[in-house]
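Undergrad: I am sharing target-v2.cif, which consists of mmCIF, C-alpha atoms and all ligand atoms; chains and numbers go by the auth columns:
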data_query
#
loop_
_atom_site.group_PDB
_atom_site.id
_atom_site.type_symbol
_atom_site.label_atom_id
_atom_site.label_comp_id
_atom_site.label_asym_id
_atom_site.label_seq_id
_atom_site.Cartn_x
_atom_site.Cartn_y
_atom_site.Cartn_z
_atom_site.B_iso_or_equiv
_atom_site.auth_seq_id
_atom_site.auth_asym_id
ATOM 1 C CA MET A 1 -56.948 -21.029 21.863 0.00 1 A
ATOM 2 C CA ARG A 2 -53.945 -23.311 22.479 0.00 2 A
ATOM 3 C CA LYS A 3 -53.774 -24.113 18.793 0.00 3 A
ATOM 4 C CA ILE A 4 -53.758 -20.468 17.768 0.00 4 A
ATOM 5 C CA LYS A 5 -51.002 -19.767 20.258 0.00 5 A
ATOM 6 C CA ARG A 6 -48.895 -22.598 18.873 0.00 6 A
ATOM 7 C CA GLN A 7 -49.463 -21.345 15.323 0.00 7 A
ATOM 8 C CA MET A 8 -48.428 -17.865 16.367 0.00 8 A
ATOM 9 C CA MET A 9 -45.243 -19.228 17.900 0.00 9 A
ATOM 10 C CA GLY A 10 -44.455 -21.092 14.720 0.00 10 A
ATOM 11 C CA LEU A 11 -45.109 -18.002 12.647 0.00 11 A
ATOM 12 C CA SER A 12 -42.894 -15.800 14.756 0.00 12 A
ATOM 13 C CA LYS A 13 -40.083 -18.334 14.472 0.00 13 A
ATOM 14 C CA ILE A 14 -40.350 -18.232 10.693 0.00 14 A
ATOM 15 C CA LEU A 15 -40.371 -14.447 10.791 0.00 15 A
ATOM 16 C CA MET A 16 -37.269 -14.487 12.965 0.00 16 A
ATOM 17 C CA ILE A 17 -35.482 -16.722 10.488 0.00 17 A
ATOM 18 C CA ILE A 18 -36.456 -14.527 7.550 0.00 18 A
ATOM 19 C CA LEU A 19 -35.326 -11.458 9.422 0.00 19 A
ATOM 20 C CA SER A 20 -31.974 -12.903 10.349 0.00 20 A
ATOM 21 C CA LEU A 21 -31.395 -14.045 6.769 0.00 21 A
ATOM 22 C CA ALA A 22 -32.185 -10.542 5.549 0.00 22 A
ATOM 23 C CA ILE A 23 -29.780 -8.998 8.040 0.00 23 A
ATOM 24 C CA LEU A 24 -27.103 -11.523 7.139 0.00 24 A
ATOM 25 C CA SER A 25 -27.339 -10.901 3.424 0.00 25 A
ATOM 26 C CA ALA A 26 -27.346 -7.127 3.907 0.00 26 A
ATOM 27 C CA TRP A 27 -24.222 -7.512 6.010 0.00 27 A
ATOM 28 C CA GLN A 28 -22.563 -9.666 3.388 0.00 28 A
ATOM 29 C CA LEU A 29 -23.415 -7.252 0.597 0.00 29 A
ATOM 30 C CA ASN A 30 -21.962 -4.494 2.660 0.00 30 A
ATOM 31 C CA ASP A 31 -18.834 -6.515 3.182 0.00 31 A
ATOM 32 C CA VAL A 32 -18.168 -6.869 -0.523 0.00 32 A
ATOM 33 C CA GLN A 33 -16.150 -3.785 -1.388 0.00 33 A
ATOM 34 C CA ASP A 34 -17.221 -1.760 -4.332 0.00 34 A
ATOM 35 C CA GLY A 35 -14.985 -2.631 -7.255 0.00 35 A
ATOM 36 C CA ASN A 36 -13.768 0.907 -7.608 0.00 36 A
ATOM 37 C CA TRP A 37 -10.729 1.503 -5.523 0.00 37 A
ATOM 38 C CA VAL A 38 -9.843 5.103 -6.205 0.00 38 A
ATOM 39 C CA ALA A 39 -6.692 6.714 -4.869 0.00 39 A
ATOM 40 C CA PRO A 40 -7.187 10.219 -3.423 0.00 40 A
ATOM 41 C CA SER A 41 -6.505 12.909 -6.015 0.00 41 A
ATOM 42 C CA SER A 42 -3.540 14.131 -3.961 0.00 42 A
ATOM 43 C CA ALA A 43 -1.799 10.855 -4.893 0.00 43 A
ATOM 44 C CA ASN A 44 -1.789 11.946 -8.541 0.00 44 A
ATOM 45 C CA GLN A 45 0.580 14.776 -7.613 0.00 45 A
ATOM 46 C CA LEU A 46 3.295 12.339 -6.482 0.00 46 A
ATOM 47 C CA LYS A 47 6.166 12.317 -8.959 0.00 47 A
ATOM 48 C CA ASN A 48 7.869 9.029 -9.754 0.00 48 A
ATOM 49 C CA PRO A 49 11.571 9.706 -8.997 0.00 49 A
ATOM 50 C CA LEU A 50 12.532 6.566 -10.972 0.00 50 A
ATOM 51 C CA ASN A 51 10.535 7.315 -14.112 0.00 51 A
ATOM 52 C CA GLY A 52 12.354 5.809 -17.106 0.00 52 A
ATOM 53 C CA ASP A 53 15.085 4.265 -14.918 0.00 53 A
ATOM 54 C CA GLU A 54 15.717 0.838 -16.464 0.00 54 A
ATOM 55 C CA ALA A 55 17.797 -0.472 -13.567 0.00 55 A
ATOM 56 C CA ALA A 56 14.969 0.415 -11.195 0.00 56 A
ATOM 57 C CA THR A 57 12.468 -1.443 -13.384 0.00 57 A
ATOM 58 C CA LYS A 58 14.719 -4.523 -13.255 0.00 58 A
ATOM 59 C CA ALA A 59 14.923 -4.279 -9.465 0.00 59 A
ATOM 60 C CA GLY A 60 11.129 -3.978 -9.435 0.00 60 A
ATOM 61 C CA ALA A 61 10.867 -7.204 -11.427 0.00 61 A
ATOM 62 C CA VAL A 62 12.854 -9.059 -8.776 0.00 62 A
ATOM 63 C CA LEU A 63 10.694 -7.684 -5.958 0.00 63 A
ATOM 64 C CA TYR A 64 7.531 -8.401 -7.893 0.00 64 A
ATOM 65 C CA LYS A 65 8.445 -12.056 -8.391 0.00 65 A
ATOM 66 C CA GLN A 66 9.262 -12.420 -4.711 0.00 66 A
ATOM 67 C CA MET A 67 6.303 -10.601 -3.215 0.00 67 A
ATOM 68 C CA CYS A 68 3.495 -9.922 -5.653 0.00 68 A
ATOM 69 C CA ALA A 69 3.382 -12.663 -8.294 0.00 69 A
ATOM 70 C CA ILE A 70 1.883 -15.118 -5.833 0.00 70 A
ATOM 71 C CA CYS A 71 -1.351 -13.117 -6.029 0.00 71 A
ATOM 72 C CA HIS A 72 -1.056 -10.946 -9.134 0.00 72 A
ATOM 73 C CA GLY A 73 0.460 -13.685 -11.311 0.00 73 A
ATOM 74 C CA ASP A 74 3.802 -13.900 -13.136 0.00 74 A
ATOM 75 C CA LYS A 75 2.407 -11.975 -16.095 0.00 75 A
ATOM 76 C CA GLY A 76 0.431 -9.531 -13.962 0.00 76 A
ATOM 77 C CA LYS A 77 -2.913 -10.945 -14.971 0.00 77 A
ATOM 78 C CA GLY A 78 -4.220 -11.277 -11.410 0.00 78 A
ATOM 79 C CA ASP A 79 -4.106 -15.057 -11.673 0.00 79 A
ATOM 80 C CA GLY A 80 -1.564 -15.987 -9.000 0.00 80 A
ATOM 81 C CA MET A 81 -2.150 -19.127 -6.945 0.00 81 A
ATOM 82 C CA ALA A 82 -2.786 -17.313 -3.672 0.00 82 A
ATOM 83 C CA GLY A 83 -5.264 -14.936 -5.235 0.00 83 A
ATOM 84 C CA MET A 84 -7.731 -17.476 -6.556 0.00 84 A
ATOM 85 C CA SER A 85 -10.024 -17.473 -3.552 0.00 85 A
ATOM 86 C CA LEU A 86 -9.700 -13.812 -2.610 0.00 86 A
ATOM 87 C CA ASN A 87 -12.545 -11.348 -2.743 0.00 87 A
ATOM 88 C CA PRO A 88 -12.020 -9.045 -4.505 0.00 88 A
ATOM 89 C CA ARG A 89 -9.582 -10.876 -6.796 0.00 89 A
ATOM 90 C CA PRO A 90 -6.105 -9.421 -7.259 0.00 90 A
ATOM 91 C CA SER A 91 -6.043 -6.710 -9.902 0.00 91 A
ATOM 92 C CA ASN A 92 -5.039 -7.545 -13.455 0.00 92 A
ATOM 93 C CA PHE A 93 -2.218 -5.137 -14.296 0.00 93 A
ATOM 94 C CA THR A 94 -2.605 -5.613 -18.043 0.00 94 A
ATOM 95 C CA LYS A 95 -6.002 -3.862 -17.893 0.00 95 A
ATOM 96 C CA SER A 96 -6.322 -0.263 -18.985 0.00 96 A
ATOM 97 C CA ALA A 97 -8.205 0.476 -15.746 0.00 97 A
ATOM 98 C CA ILE A 98 -4.861 0.076 -13.993 0.00 98 A
ATOM 99 C CA GLN A 99 -2.540 1.416 -16.679 0.00 99 A
ATOM 100 C CA GLU A 100 -4.571 4.606 -17.038 0.00 100 A
ATOM 101 C CA GLN A 101 -3.910 5.480 -13.411 0.00 101 A
ATOM 102 C CA THR A 102 -1.024 7.802 -12.590 0.00 102 A
ATOM 103 C CA ASP A 103 2.227 6.425 -11.156 0.00 103 A
ATOM 104 C CA GLY A 104 1.321 8.320 -7.993 0.00 104 A
ATOM 105 C CA ALA A 105 -2.033 6.546 -7.671 0.00 105 A
ATOM 106 C CA ILE A 106 -0.459 3.108 -8.139 0.00 106 A
ATOM 107 C CA PHE A 107 2.271 4.007 -5.656 0.00 107 A
ATOM 108 C CA TRP A 108 -0.339 5.194 -3.152 0.00 108 A
ATOM 109 C CA LYS A 109 -2.342 1.980 -3.483 0.00 109 A
ATOM 110 C CA LEU A 110 0.541 -0.403 -2.968 0.00 110 A
ATOM 111 C CA THR A 111 1.741 1.760 -0.093 0.00 111 A
ATOM 112 C CA THR A 112 -1.669 1.914 1.592 0.00 112 A
ATOM 113 C CA GLY A 113 -3.129 -1.480 0.657 0.00 113 A
ATOM 114 C CA ARG A 114 -6.737 -2.537 0.874 0.00 114 A
ATOM 115 C CA SER A 115 -8.013 -5.785 2.286 0.00 115 A
ATOM 116 C CA PRO A 116 -7.179 -8.517 1.374 0.00 116 A
ATOM 117 C CA MET A 117 -3.934 -6.909 0.164 0.00 117 A
ATOM 118 C CA ALA A 118 -1.499 -5.603 2.743 0.00 118 A
ATOM 119 C CA GLY A 119 -0.063 -2.106 2.565 0.00 119 A
ATOM 120 C CA TYR A 120 3.662 -2.113 1.817 0.00 120 A
ATOM 121 C CA GLU A 121 4.582 1.111 3.567 0.00 121 A
ATOM 122 C CA LYS A 122 6.422 -0.638 6.384 0.00 122 A
ATOM 123 C CA ILE A 123 7.493 -3.703 4.408 0.00 123 A
ATOM 124 C CA LEU A 124 9.230 -1.967 1.510 0.00 124 A
ATOM 125 C CA LYS A 125 11.340 1.176 1.260 0.00 125 A
ATOM 126 C CA GLU A 126 9.968 4.087 -0.709 0.00 126 A
ATOM 127 C CA ASN A 127 12.340 3.567 -3.641 0.00 127 A
ATOM 128 C CA GLN A 128 11.436 -0.150 -3.758 0.00 128 A
ATOM 129 C CA ARG A 129 7.770 0.818 -4.054 0.00 129 A
ATOM 130 C CA TRP A 130 8.596 3.112 -6.991 0.00 130 A
ATOM 131 C CA GLN A 131 10.622 0.272 -8.566 0.00 131 A
ATOM 132 C CA LEU A 132 7.451 -1.805 -8.404 0.00 132 A
ATOM 133 C CA VAL A 133 5.439 0.968 -10.038 0.00 133 A
ATOM 134 C CA ASN A 134 7.981 0.951 -12.886 0.00 134 A
ATOM 135 C CA TYR A 135 7.674 -2.803 -13.245 0.00 135 A
ATOM 136 C CA ILE A 136 3.850 -2.749 -13.146 0.00 136 A
ATOM 137 C CA ARG A 137 4.053 -0.415 -16.190 0.00 137 A
ATOM 138 C CA THR A 138 5.744 -3.186 -18.187 0.00 138 A
ATOM 139 C CA PHE A 139 2.484 -5.163 -18.130 0.00 139 A
ATOM 140 C CA LYS A 140 0.849 -2.514 -20.281 0.00 140 A
ATOM 141 C CA LYS A 141 -0.378 -4.107 -23.492 0.00 141 A
HETATM 142 C C1 LIG B . -2.425 -11.615 -0.848 0.00 1 B
HETATM 143 C C2 LIG B . -2.491 -11.354 -2.254 0.00 1 B
HETATM 144 C C3 LIG B . -1.787 -10.116 -2.761 0.00 1 B
HETATM 145 C C4 LIG B . -0.444 -9.835 -2.748 0.00 1 B
HETATM 146 C C5 LIG B . 0.680 -10.687 -2.173 0.00 1 B
HETATM 147 C C6 LIG B . -0.302 -8.569 -3.411 0.00 1 B
HETATM 148 N N1 LIG B . -1.514 -8.073 -3.811 0.00 1 B
HETATM 149 FE FE1 LIG B . -1.851 -6.347 -4.772 0.00 1 B
HETATM 150 N N2 LIG B . -3.837 -6.666 -4.707 0.00 1 B
HETATM 151 C C7 LIG B . -4.432 -7.796 -4.184 0.00 1 B
HETATM 152 C C8 LIG B . -5.865 -7.643 -4.281 0.00 1 B
HETATM 153 C C9 LIG B . -6.890 -8.659 -3.821 0.00 1 B
HETATM 154 C C10 LIG B . -6.109 -6.395 -4.870 0.00 1 B
HETATM 155 C C11 LIG B . -7.451 -5.747 -5.169 0.00 1 B
HETATM 156 C C12 LIG B . -7.841 -4.937 -3.957 0.00 1 B
HETATM 157 C C13 LIG B . -9.125 -4.151 -4.158 0.00 1 B
HETATM 158 O O1 LIG B . -9.530 -3.913 -5.294 0.00 1 B
HETATM 159 O O2 LIG B . -9.682 -3.752 -3.149 0.00 1 B
HETATM 160 C C14 LIG B . -4.812 -5.811 -5.123 0.00 1 B
HETATM 161 C C15 LIG B . -4.619 -4.572 -5.707 0.00 1 B
HETATM 162 C C16 LIG B . -3.398 -4.015 -6.004 0.00 1 B
HETATM 163 C C17 LIG B . -3.195 -2.732 -6.617 0.00 1 B
HETATM 164 C C18 LIG B . -4.305 -1.763 -7.025 0.00 1 B
HETATM 165 C C19 LIG B . -4.638 -1.920 -8.478 0.00 1 B
HETATM 166 C C20 LIG B . -5.977 -1.316 -8.828 0.00 1 B
HETATM 167 O O3 LIG B . -6.938 -2.095 -8.897 0.00 1 B
HETATM 168 O O4 LIG B . -6.081 -0.118 -9.028 0.00 1 B
HETATM 169 C C21 LIG B . -1.855 -2.555 -6.764 0.00 1 B
HETATM 170 C C22 LIG B . -1.146 -1.363 -7.403 0.00 1 B
HETATM 171 C C23 LIG B . -1.216 -3.718 -6.219 0.00 1 B
HETATM 172 N N3 LIG B . -2.170 -4.589 -5.770 0.00 1 B
HETATM 173 C C24 LIG B . 0.140 -3.920 -6.190 0.00 1 B
HETATM 174 C C25 LIG B . 0.755 -4.975 -5.531 0.00 1 B
HETATM 175 C C26 LIG B . 2.184 -5.124 -5.412 0.00 1 B
HETATM 176 C C27 LIG B . 3.205 -4.200 -6.028 0.00 1 B
HETATM 177 C C28 LIG B . 2.398 -6.242 -4.660 0.00 1 B
HETATM 178 C C29 LIG B . 3.717 -6.813 -4.187 0.00 1 B
HETATM 179 C C30 LIG B . 4.576 -5.921 -3.436 0.00 1 B
HETATM 180 C C31 LIG B . 1.097 -6.804 -4.344 0.00 1 B
HETATM 181 N N4 LIG B . 0.128 -6.021 -4.894 0.00 1 B
HETATM 182 C C32 LIG B . 0.917 -7.957 -3.621 0.00 1 B
HETATM 183 C C33 LIG B . -3.803 -8.897 -3.649 0.00 1 B
HETATM 184 C C34 LIG B . -2.449 -8.998 -3.424 0.00 1 B
#
Output the structure of this file as structure tokens.
TA:
Amino acid sequence: MRKIKRQMMGLSKILMIILSLAILSAWQLNDVQDGNWVAPSSANQLKNPLNGDEAATKAGAVLYKQMCAICHGDKGKGDGMAGMSLNPRPSNFTKSAIQEQTDGAIFWKLTTGRSPMAGYEKILKENQRWQLVNYIRTFKK
């Protein structure tokens, strides 16, 4: 009788461990965001007031080097030093998945942010955020 009891105890411990591992991995899977970060369709209606404005693109380049290159990389490839260990990794702006998005969608994303990237709504003025959209376009291959 004693022996059976001890075996049962051992078994329930193993079951507990298996259960907690299952819960943990489900939680971790849940924590990994789905790769598709889609801006709301209303963002596509936003018009870029600086479209084609070369001076604005140059200003965007300066801001980008100061604030974004550390994660997104000097050439926009998502290979900046600070981005190496992030999950998800910083987006590669040379990819068509980014360049096919509207200016409004890109503006909305850098305004809103998504972990681990901050939103820049309070950090940058609206026209600075559009300058960055202009500059991100220059990474198009
Ligand atoms: C701390 C690192 C970090 C910094 C600094 C950073 N980003 Fe990001 N950025 C990310 C990560 C990580 C993602 C991917 C987020 C995701 O997919 O959920 C991202 C995604 C984006 C996207 C969305 C692209 C897409 O996948 O559709 C845009 C636009 C963007 N960043 C612009 C900027 C701009 C502009 C700056 C500078 C003002 C900046 N980021 C600074 C880490 C960073």
Undergrad: Rank nothing, just name the residue among A:Ser20, A:Ser12, A:Gln45, A:Gln66 nearest to ligand LIG 1 (chain B), using all atoms listed in the file.
TA: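 Distance minimum relative to ligand LIG 1 (chain B) lands on A:Gln66.
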Undergrad: Each residue of chain A with at least one atom at most 8 Å from ligand LIG 1 (chain B) should appear once, together with its nearest atom pair and the corresponding distance in Å (one decimal); atoms considered: only C-alpha atoms and all ligand atoms; ordering: chain, then increasing residue number; output as a tab-separated table.
TA:
residue	atom	partner	partner_atom	distance
A:Gln33	CA	B:LIG1	O2	6.7
A:Asp34	CA	B:LIG1	O2	7.9
A:Gly35	CA	B:LIG1	O1	5.9
A:Asn36	CA	B:LIG1	O1	6.8
A:Trp37	CA	B:LIG1	O1	5.6
A:Val38	CA	B:LIG1	O4	7.0
A:Leu63	CA	B:LIG1	C30	6.8
A:Tyr64	CA	B:LIG1	C29	5.6
A:Gln66	CA	B:LIG1	C29	7.9
A:Met67	CA	B:LIG1	C29	4.7
A:Cys68	CA	B:LIG1	C29	3.4
A:Ala69	CA	B:LIG1	C5	7.0
A:Ile70	CA	B:LIG1	C5	5.9
A:Cys71	CA	B:LIG1	C2	4.3
A:His72	CA	B:LIG1	N1	6.1
A:Ala82	CA	B:LIG1	C2	6.1
A:Gly83	CA	B:LIG1	C2	5.4
A:Leu86	CA	B:LIG1	C9	6.0
A:Asn87	CA	B:LIG1	C9	6.4
A:Pro88	CA	B:LIG1	C9	5.2
A:Arg89	CA	B:LIG1	C9	4.6
A:Pro90	CA	B:LIG1	C8	3.5
A:Ser91	CA	B:LIG1	O3	4.8
A:Asn92	CA	B:LIG1	O3	7.4
A:Phe93	CA	B:LIG1	C19	7.1
A:Ala97	CA	B:LIG1	O4	7.1
A:Ile98	CA	B:LIG1	O4	5.1
A:Gln101	CA	B:LIG1	O4	7.4
A:Ala105	CA	B:LIG1	O4	7.9
A:Ile106	CA	B:LIG1	C22	4.6
A:Phe107	CA	B:LIG1	C22	6.6
A:Trp108	CA	B:LIG1	C22	7.9
A:Lys109	CA	B:LIG1	C22	5.3
A:Leu110	CA	B:LIG1	C24	4.8
A:Gly113	CA	B:LIG1	C16	7.1
A:Arg114	CA	B:LIG1	O2	5.1
A:Ser115	CA	B:LIG1	O2	6.0
A:Pro116	CA	B:LIG1	C9	5.2
A:Met117	CA	B:LIG1	C33	4.3
A:Ala118	CA	B:LIG1	C6	6.9
A:Tyr120	CA	B:LIG1	C30	6.6
A:Leu124	CA	B:LIG1	C30	7.9
A:Arg129	CA	B:LIG1	C27	7.1
A:Leu132	CA	B:LIG1	C27	5.4
A:Val133	CA	B:LIG1	C27	6.9
A:Ile136	CA	B:LIG1	C27	7.3
Undergrad: Quick one: which residues end up in the PyMOL selection byres (((chain A and resi 59) around 10) and not hetatm) for this structure, as a ChimeraX atom specification?
TA: /A:54-58,60-64,128,131-132,134-135
Undergrad: Using the selection just defined, write its residues with C-alpha atoms as a short mmCIF file (atom, residue, chain, number, x, y, z; two decimals), in the coordinates of the input.
TA:
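Saved the output as again_1.cif:
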data_model
loop_
_atom_site.label_atom_id
_atom_site.label_comp_id
_atom_site.auth_asym_id
_atom_site.auth_seq_id
_atom_site.Cartn_x
_atom_site.Cartn_y
_atom_site.Cartn_z
CA GLU A 54 15.72 0.84 -16.46
CA ALA A 55 17.80 -0.47 -13.57
CA ALA A 56 14.97 0.42 -11.20
CA THR A 57 12.47 -1.44 -13.38
CA LYS A 58 14.72 -4.52 -13.26
CA GLY A 60 11.13 -3.98 -9.44
CA ALA A 61 10.87 -7.20 -11.43
CA VAL A 62 12.85 -9.06 -8.78
CA LEU A 63 10.69 -7.68 -5.96
CA TYR A 64 7.53 -8.40 -7.89
CA GLN A 128 11.44 -0.15 -3.76
CA GLN A 131 10.62 0.27 -8.57
CA LEU A 132 7.45 -1.80 -8.40
CA ASN A 134 7.98 0.95 -12.89
CA TYR A 135 7.67 -2.80 -13.24
#
Undergrad: Could you check the closest approach to Ser42 of chain A for each of A:Gly104, A:Gly76, A:Ile18, A:Arg137 and tell me which residue wins, using all atoms listed in the file?
TA: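 Smallest distance to Ser42 of chain A is found for A:Gly104.
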Undergrad: Restricting the calculation to only C-alpha atoms, which member of A:Phe139, A:Thr102, A:Met16, A:Leu46 is positioned closest to Asp74 of chain A?
TA: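 Going through A:Phe139, A:Thr102, A:Met16, A:Leu46 one by one, the smallest distance to Asp74 of chain A is for A:Phe139.
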Undergrad: I'd like the interatomic distance between atom CA of Lys75 of chain A and atom CA of Lys140 of chain A, to a tenth of an Å.
TA: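 Pair atom CA of Lys75 of chain A / atom CA of Lys140 of chain A returns 10.5 Å.
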Undergrad: So how many Å separate atom CA of Lys125 of chain A and atom CA of Lys65 of chain A, to one decimal?
TA: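 Between atom CA of Lys125 of chain A and atom CA of Lys65 of chain A the gap is 16.6 Å.
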Undergrad: How big is the axis-aligned box around the listed atoms of segment 66-70 of chain A once 3 Å is added on each side, and where is its centre? Give both in Å to one decimal, as lines of an AutoDock Vina configuration file.
TA:
center_x = 5.6
center_y = -12.5
center_z = -5.8
size_x = 13.4
size_y = 11.2
size_z = 11.1
Undergrad: Mind giving me the straight-line distance from atom CA of Trp130 of chain A to atom CA of Gly73 of chain A in Å, one decimal?
TA: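 Taking atom CA of Trp130 of chain A and atom CA of Gly73 of chain A, their separation equals 19.2 Å.
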